[in-house]
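One file, query.cif, is given below (mmCIF, N, CA and C atoms).
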```cif
data_start
#
loop_
_atom_site.group_PDB
_atom_site.id
_atom_site.type_symbol
_atom_site.label_atom_id
_atom_site.label_comp_id
_atom_site.auth_asym_id
_atom_site.auth_seq_id
_atom_site.Cartn_x
_atom_site.Cartn_y
_atom_site.Cartn_z
ATOM 1 N N MET A 1 -17.205 14.578 10.912
ATOM 2 C CA MET A 1 -15.791 14.352 10.658
ATOM 3 C C MET A 1 -15.140 13.614 11.812
ATOM 4 N N ARG A 2 -15.606 13.845 13.007
ATOM 5 C CA ARG A 2 -15.011 13.199 14.175
ATOM 6 C C ARG A 2 -15.162 11.676 14.094
ATOM 7 N N LYS A 3 -16.366 11.192 13.738
ATOM 8 C CA LYS A 3 -16.566 9.747 13.642
ATOM 9 C C LYS A 3 -15.726 9.159 12.507
ATOM 10 N N GLN A 4 -15.576 9.916 11.433
ATOM 11 C CA GLN A 4 -14.777 9.464 10.299
ATOM 12 C C GLN A 4 -13.339 9.199 10.730
ATOM 13 N N LYS A 5 -12.771 10.052 11.560
ATOM 14 C CA LYS A 5 -11.395 9.863 12.013
ATOM 15 C C LYS A 5 -11.271 8.644 12.926
ATOM 16 N N ARG A 6 -12.302 8.329 13.689
ATOM 17 C CA ARG A 6 -12.236 7.174 14.598
ATOM 18 C C ARG A 6 -12.223 5.856 13.837
ATOM 19 N N GLN A 7 -12.640 5.863 12.591
ATOM 20 C CA GLN A 7 -12.687 4.644 11.793
ATOM 21 C C GLN A 7 -11.397 4.413 11.014
ATOM 22 N N ARG A 8 -10.408 5.265 11.188
ATOM 23 C CA ARG A 8 -9.129 5.138 10.491
ATOM 24 C C ARG A 8 -8.121 4.457 11.401
ATOM 25 N N TYR A 9 -7.231 3.686 10.780
ATOM 26 C CA TYR A 9 -6.201 2.954 11.516
ATOM 27 C C TYR A 9 -4.859 3.166 10.833
ATOM 28 N N ILE A 10 -3.826 3.344 11.636
ATOM 29 C CA ILE A 10 -2.457 3.361 11.124
ATOM 30 C C ILE A 10 -1.934 1.935 11.242
ATOM 31 N N ILE A 11 -1.412 1.402 10.152
ATOM 32 C CA ILE A 11 -0.930 0.021 10.156
ATOM 33 C C ILE A 11 0.345 -0.069 10.992
ATOM 34 N N ASP A 12 0.246 -0.816 12.078
ATOM 35 C CA ASP A 12 1.411 -1.068 12.926
ATOM 36 C C ASP A 12 1.881 -2.503 12.678
ATOM 37 N N LEU A 13 2.915 -2.921 13.366
ATOM 38 C CA LEU A 13 3.496 -4.243 13.120
ATOM 39 C C LEU A 13 2.501 -5.367 13.393
ATOM 40 N N GLU A 14 1.708 -5.238 14.441
ATOM 41 C CA GLU A 14 0.718 -6.276 14.770
ATOM 42 C C GLU A 14 -0.329 -6.409 13.660
ATOM 43 N N LYS A 15 -0.868 -5.288 13.199
ATOM 44 C CA LYS A 15 -1.861 -5.323 12.116
ATOM 45 C C LYS A 15 -1.217 -5.813 10.818
ATOM 46 N N LEU A 16 -0.003 -5.383 10.566
ATOM 47 C CA LEU A 16 0.708 -5.793 9.365
ATOM 48 C C LEU A 16 0.840 -7.313 9.311
ATOM 49 N N ASN A 17 1.247 -7.910 10.417
ATOM 50 C CA ASN A 17 1.417 -9.361 10.464
ATOM 51 C C ASN A 17 0.097 -10.108 10.307
ATOM 52 N N SER A 18 -0.992 -9.547 10.826
ATOM 53 C CA SER A 18 -2.268 -10.254 10.744
ATOM 54 C C SER A 18 -2.978 -10.037 9.406
ATOM 55 N N LEU A 19 -2.714 -8.934 8.724
ATOM 56 C CA LEU A 19 -3.437 -8.616 7.494
ATOM 57 C C LEU A 19 -2.726 -9.025 6.212
ATOM 58 N N ASN A 20 -1.413 -9.125 6.237
ATOM 59 C CA ASN A 20 -0.681 -9.281 4.985
ATOM 60 C C ASN A 20 -0.669 -10.685 4.400
ATOM 61 N N GLU A 21 -1.177 -11.656 5.112
ATOM 62 C CA GLU A 21 -1.245 -12.984 4.508
ATOM 63 C C GLU A 21 -2.152 -12.954 3.281
ATOM 64 N N GLU A 22 -3.299 -12.279 3.401
ATOM 65 C CA GLU A 22 -4.236 -12.185 2.285
ATOM 66 C C GLU A 22 -4.141 -10.860 1.545
ATOM 67 N N GLY A 23 -3.609 -9.826 2.180
ATOM 68 C CA GLY A 23 -3.538 -8.510 1.560
ATOM 69 C C GLY A 23 -4.856 -7.763 1.690
ATOM 70 N N CYS A 24 -4.940 -6.648 1.037
ATOM 71 C CA CYS A 24 -6.124 -5.799 1.078
ATOM 72 C C CYS A 24 -7.251 -6.459 0.280
ATOM 73 N N PRO A 25 -8.435 -6.638 0.862
ATOM 74 C CA PRO A 25 -9.531 -7.262 0.126
ATOM 75 C C PRO A 25 -10.035 -6.419 -1.040
ATOM 76 N N ALA A 26 -9.773 -5.118 -1.025
ATOM 77 C CA ALA A 26 -10.256 -4.243 -2.097
ATOM 78 C C ALA A 26 -9.343 -4.258 -3.320
ATOM 79 N N CYS A 27 -8.027 -4.220 -3.100
ATOM 80 C CA CYS A 27 -7.111 -4.096 -4.238
ATOM 81 C C CYS A 27 -6.106 -5.244 -4.351
ATOM 82 N N GLY A 28 -5.972 -6.042 -3.309
ATOM 83 C CA GLY A 28 -5.051 -7.178 -3.347
ATOM 84 C C GLY A 28 -3.621 -6.846 -2.967
ATOM 85 N N ARG A 29 -3.295 -5.542 -2.853
ATOM 86 C CA ARG A 29 -1.933 -5.165 -2.479
ATOM 87 C C ARG A 29 -1.688 -5.448 -1.002
ATOM 88 N N LYS A 30 -0.437 -5.600 -0.645
ATOM 89 C CA LYS A 30 -0.046 -5.789 0.753
ATOM 90 C C LYS A 30 -0.022 -4.435 1.454
ATOM 91 N N PHE A 31 -0.232 -4.453 2.758
ATOM 92 C CA PHE A 31 -0.147 -3.247 3.570
ATOM 93 C C PHE A 31 1.308 -2.994 3.938
ATOM 94 N N THR A 32 1.645 -1.738 4.237
ATOM 95 C CA THR A 32 2.982 -1.398 4.708
ATOM 96 C C THR A 32 2.859 -0.629 6.018
ATOM 97 N N LEU A 33 3.928 -0.648 6.800
ATOM 98 C CA LEU A 33 3.927 0.062 8.071
ATOM 99 C C LEU A 33 3.634 1.542 7.864
ATOM 100 N N GLY A 34 2.761 2.087 8.699
ATOM 101 C CA GLY A 34 2.456 3.507 8.658
ATOM 102 C C GLY A 34 1.355 3.904 7.695
ATOM 103 N N GLU A 35 0.904 2.986 6.854
ATOM 104 C CA GLU A 35 -0.192 3.305 5.944
ATOM 105 C C GLU A 35 -1.483 3.502 6.725
ATOM 106 N N THR A 36 -2.410 4.245 6.131
ATOM 107 C CA THR A 36 -3.718 4.449 6.741
ATOM 108 C C THR A 36 -4.710 3.483 6.112
ATOM 109 N N ALA A 37 -5.452 2.810 6.964
ATOM 110 C CA ALA A 37 -6.483 1.886 6.518
ATOM 111 C C ALA A 37 -7.792 2.253 7.203
ATOM 112 N N VAL A 38 -8.899 1.841 6.604
ATOM 113 C CA VAL A 38 -10.216 2.094 7.184
ATOM 114 C C VAL A 38 -11.018 0.801 7.196
ATOM 115 N N MET A 39 -11.955 0.725 8.126
ATOM 116 C CA MET A 39 -12.869 -0.402 8.199
ATOM 117 C C MET A 39 -14.000 -0.110 7.218
ATOM 118 N N ALA A 40 -14.143 -0.943 6.179
ATOM 119 C CA ALA A 40 -15.111 -0.655 5.121
ATOM 120 C C ALA A 40 -15.913 -1.896 4.752
ATOM 121 N N CYS A 41 -17.122 -1.651 4.274
ATOM 122 C CA CYS A 41 -17.965 -2.715 3.730
ATOM 123 C C CYS A 41 -17.622 -2.858 2.256
ATOM 124 N N GLY A 42 -17.818 -4.061 1.735
ATOM 125 C CA GLY A 42 -17.508 -4.286 0.326
ATOM 126 C C GLY A 42 -18.250 -5.489 -0.212
ATOM 127 N N ALA A 43 -17.863 -5.923 -1.393
ATOM 128 C CA ALA A 43 -18.522 -7.031 -2.072
ATOM 129 C C ALA A 43 -18.066 -8.397 -1.560
ATOM 130 N N TRP A 44 -17.216 -8.442 -0.560
ATOM 131 C CA TRP A 44 -16.717 -9.693 -0.012
ATOM 132 C C TRP A 44 -17.708 -10.244 1.007
ATOM 133 N N GLU A 45 -17.526 -11.508 1.346
ATOM 134 C CA GLU A 45 -18.381 -12.138 2.352
ATOM 135 C C GLU A 45 -17.986 -11.677 3.738
ATOM 136 N N GLY A 46 -18.949 -11.652 4.622
ATOM 137 C CA GLY A 46 -18.690 -11.226 5.985
ATOM 138 C C GLY A 46 -18.898 -9.731 6.139
ATOM 139 N N GLY A 47 -18.528 -9.237 7.263
ATOM 140 C CA GLY A 47 -18.724 -7.825 7.582
ATOM 141 C C GLY A 47 -17.620 -6.940 7.067
ATOM 142 N N PRO A 48 -17.526 -5.741 7.619
ATOM 143 C CA PRO A 48 -16.494 -4.790 7.209
ATOM 144 C C PRO A 48 -15.082 -5.328 7.462
ATOM 145 N N LYS A 49 -14.160 -4.925 6.589
ATOM 146 C CA LYS A 49 -12.755 -5.332 6.710
ATOM 147 C C LYS A 49 -11.863 -4.110 6.548
ATOM 148 N N LEU A 50 -10.638 -4.220 7.041
ATOM 149 C CA LEU A 50 -9.667 -3.140 6.855
ATOM 150 C C LEU A 50 -9.162 -3.139 5.420
ATOM 151 N N ILE A 51 -9.243 -1.971 4.782
ATOM 152 C CA ILE A 51 -8.727 -1.800 3.422
ATOM 153 C C ILE A 51 -7.920 -0.505 3.375
ATOM 154 N N HIS A 52 -7.121 -0.330 2.320
ATOM 155 C CA HIS A 52 -6.378 0.914 2.144
ATOM 156 C C HIS A 52 -7.365 2.080 2.078
ATOM 157 N N GLU A 53 -7.034 3.181 2.726
ATOM 158 C CA GLU A 53 -7.941 4.328 2.762
ATOM 159 C C GLU A 53 -8.243 4.869 1.367
ATOM 160 N N ASN A 54 -7.267 4.825 0.462
ATOM 161 C CA ASN A 54 -7.503 5.355 -0.887
ATOM 162 C C ASN A 54 -8.405 4.453 -1.724
ATOM 163 N N GLU A 55 -8.737 3.267 -1.235
ATOM 164 C CA GLU A 55 -9.658 2.353 -1.919
ATOM 165 C C GLU A 55 -11.076 2.470 -1.369
ATOM 166 N N ALA A 56 -11.300 3.447 -0.474
ATOM 167 C CA ALA A 56 -12.588 3.572 0.195
ATOM 168 C C ALA A 56 -13.227 4.935 -0.056
ATOM 169 N N VAL A 57 -14.545 4.959 0.079
ATOM 170 C CA VAL A 57 -15.341 6.178 -0.019
ATOM 171 C C VAL A 57 -16.129 6.306 1.270
ATOM 172 N N TYR A 58 -16.125 7.509 1.851
ATOM 173 C CA TYR A 58 -16.887 7.738 3.076
ATOM 174 C C TYR A 58 -18.289 8.210 2.705
ATOM 175 N N ASP A 59 -19.296 7.508 3.201
ATOM 176 C CA ASP A 59 -20.696 7.856 2.952
ATOM 177 C C ASP A 59 -21.244 8.588 4.170
ATOM 178 N N LYS A 60 -21.560 9.858 3.999
ATOM 179 C CA LYS A 60 -22.027 10.679 5.125
ATOM 180 C C LYS A 60 -23.381 10.206 5.641
ATOM 181 N N ARG A 61 -24.238 9.715 4.752
ATOM 182 C CA ARG A 61 -25.571 9.277 5.197
ATOM 183 C C ARG A 61 -25.511 8.125 6.179
ATOM 184 N N SER A 62 -24.639 7.186 5.923
ATOM 185 C CA SER A 62 -24.533 6.015 6.804
ATOM 186 C C SER A 62 -23.391 6.145 7.803
ATOM 187 N N SER A 63 -22.603 7.205 7.674
ATOM 188 C CA SER A 63 -21.429 7.433 8.539
ATOM 189 C C SER A 63 -20.480 6.242 8.531
ATOM 190 N N SER A 64 -20.251 5.692 7.341
ATOM 191 C CA SER A 64 -19.344 4.550 7.231
ATOM 192 C C SER A 64 -18.624 4.573 5.888
ATOM 193 N N TYR A 65 -17.576 3.754 5.809
ATOM 194 C CA TYR A 65 -16.789 3.632 4.588
ATOM 195 C C TYR A 65 -17.278 2.443 3.767
ATOM 196 N N PHE A 66 -17.164 2.576 2.441
ATOM 197 C CA PHE A 66 -17.469 1.503 1.508
ATOM 198 C C PHE A 66 -16.312 1.369 0.535
ATOM 199 N N GLU A 67 -16.051 0.158 0.108
ATOM 200 C CA GLU A 67 -15.049 -0.080 -0.928
ATOM 201 C C GLU A 67 -15.520 0.658 -2.175
ATOM 202 N N ARG A 68 -14.610 1.292 -2.881
ATOM 203 C CA ARG A 68 -14.941 2.205 -3.971
ATOM 204 C C ARG A 68 -15.862 1.597 -5.034
ATOM 205 N N ARG A 69 -15.533 0.416 -5.523
ATOM 206 C CA ARG A 69 -16.355 -0.211 -6.573
ATOM 207 C C ARG A 69 -17.743 -0.580 -6.059
ATOM 208 N N CYS A 70 -17.804 -1.048 -4.825
ATOM 209 C CA CYS A 70 -19.082 -1.394 -4.201
ATOM 210 C C CYS A 70 -19.955 -0.153 -4.058
ATOM 211 N N TYR A 71 -19.358 0.948 -3.645
ATOM 212 C CA TYR A 71 -20.080 2.203 -3.476
ATOM 213 C C TYR A 71 -20.637 2.688 -4.812
ATOM 214 N N ALA A 72 -19.831 2.609 -5.859
ATOM 215 C CA ALA A 72 -20.268 3.047 -7.188
ATOM 216 C C ALA A 72 -21.430 2.175 -7.677
ATOM 217 N N ALA A 73 -21.358 0.871 -7.431
ATOM 218 C CA ALA A 73 -22.432 -0.033 -7.857
ATOM 219 C C ALA A 73 -23.728 0.272 -7.102
ATOM 220 N N ARG A 74 -23.614 0.602 -5.821
ATOM 221 C CA ARG A 74 -24.805 0.930 -5.023
ATOM 222 C C ARG A 74 -25.463 2.215 -5.527
ATOM 223 N N ARG A 75 -24.663 3.179 -5.942
ATOM 224 C CA ARG A 75 -25.198 4.458 -6.419
ATOM 225 C C ARG A 75 -25.884 4.310 -7.768
ATOM 226 N N ASN A 76 -25.492 3.313 -8.552
ATOM 227 C CA ASN A 76 -26.076 3.111 -9.882
ATOM 228 C C ASN A 76 -27.361 2.294 -9.851
ATOM 229 N N LEU A 77 -27.779 1.853 -8.690
ATOM 230 C CA LEU A 77 -29.015 1.057 -8.598
ATOM 231 C C LEU A 77 -30.235 1.921 -8.778
#
```

Using structure tokens, write down the structure from this file.
Amino acid sequence: MRKQKRQRYIIDLEKLNSLNEEGCPACGRKFTLGETAVMACGAWEGGPKLIHENEAVYDKRSSSYFERRCYAARRNL
């Protein structure tokens, strides 16, 4: 649980300004001040990105977050 908390971020003004041009890669919505986001892997190109926490699933085996749809697709393989 300790590592899980270290991967969470509270959206501050600096993060808000840098992230809101494209919005959340998982759901497309814009971030708001004070929201919780997590660094998660997903179906997008590149490495992990910040997404809304409610759009992510924490995988205990890998100790990391995955975008919800990506996680479900991986489990169905």

key: Every residue of segment 22-69 of chain A that DSSP places in strand (DSSP E), as a ChimeraX atom specification   = /A:36-41,49-52,56-59,64-67

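Using only C-alpha atoms, the protein and nucleic acid residues lying no more than 9 Å from Leu33 of chain A, apart from those fewer than 5 places from it along its own chain, are Ile10, Ile11, Asp12, Leu13, Lys15 and Leu16 of chain A.
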
task = Taking the file as shown, find all residues satisfying the PyMOL selection byres (((chain A and resi 49 and name CA) around 6) and name CA) and write them as a count of residues only.
result = 4

Picked residues, the PyMOL selection byres (((chain A and resi 26-32 and name CA) around 8) and name CA), expected as a compact mmCIF listing (two decimals) with N, CA and C atoms, in the coordinates of the input:
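Written out: out_39.txt:
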```
# COMPACT_ATOMS: atom_id res chain seq x y z
N ILE A 11 -1.41 1.40 10.15
CA ILE A 11 -0.93 0.02 10.16
C ILE A 11 0.34 -0.07 10.99
N LEU A 16 0.00 -5.38 10.57
CA LEU A 16 0.71 -5.79 9.36
C LEU A 16 0.84 -7.31 9.31
N LEU A 19 -2.71 -8.93 8.72
CA LEU A 19 -3.44 -8.62 7.49
C LEU A 19 -2.73 -9.02 6.21
N ASN A 20 -1.41 -9.12 6.24
CA ASN A 20 -0.68 -9.28 4.99
C ASN A 20 -0.67 -10.68 4.40
N GLU A 22 -3.30 -12.28 3.40
CA GLU A 22 -4.24 -12.18 2.28
C GLU A 22 -4.14 -10.86 1.54
N GLY A 23 -3.61 -9.83 2.18
CA GLY A 23 -3.54 -8.51 1.56
C GLY A 23 -4.86 -7.76 1.69
N CYS A 24 -4.94 -6.65 1.04
CA CYS A 24 -6.12 -5.80 1.08
C CYS A 24 -7.25 -6.46 0.28
N PRO A 25 -8.44 -6.64 0.86
CA PRO A 25 -9.53 -7.26 0.13
C PRO A 25 -10.04 -6.42 -1.04
N LEU A 33 3.93 -0.65 6.80
CA LEU A 33 3.93 0.06 8.07
C LEU A 33 3.63 1.54 7.86
N GLY A 34 2.76 2.09 8.70
CA GLY A 34 2.46 3.51 8.66
C GLY A 34 1.36 3.90 7.70
N GLU A 35 0.90 2.99 6.85
CA GLU A 35 -0.19 3.30 5.94
C GLU A 35 -1.48 3.50 6.72
N GLY A 42 -17.82 -4.06 1.74
CA GLY A 42 -17.51 -4.29 0.33
C GLY A 42 -18.25 -5.49 -0.21
N ILE A 51 -9.24 -1.97 4.78
CA ILE A 51 -8.73 -1.80 3.42
C ILE A 51 -7.92 -0.50 3.38
N HIS A 52 -7.12 -0.33 2.32
CA HIS A 52 -6.38 0.91 2.14
C HIS A 52 -7.36 2.08 2.08
N GLU A 55 -8.74 3.27 -1.24
CA GLU A 55 -9.66 2.35 -1.92
C GLU A 55 -11.08 2.47 -1.37
N GLU A 67 -16.05 0.16 0.11
CA GLU A 67 -15.05 -0.08 -0.93
C GLU A 67 -15.52 0.66 -2.17
```

key: Selection dump of the PyMOL selection byres ((chain A and resi 69-72) around 7), as a PyMOL selection string   = chain A and resi 41-43+55+66-68+73-77

inquiry  = Using Å and a single decimal, report how far atom CA of Thr36 of chain A sits from atom CA of Glu14 of chain A.
reply    = 14.1 Å

message = So that I can check the secondary structure, give me every residue of chain A assigned alpha helix (DSSP H) by backbone DSSP, as a ChimeraX atom specification.
response = /A:2-6,13-19,68-75

ask   = If you measure from atom C of Val57 of chain A to atom C of Val38 of chain A, what distance in Å do you get, rounded to one decimal?
value =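 Going from atom C of Val57 of chain A over to atom C of Val38 of chain A covers 9.6 Å.
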
request  = For atom CA of Ala37 of chain A and atom CA of Arg8 of chain A, quote the distance in Å rounded to one decimal.
outcome  =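 The value is 5.8 Å.
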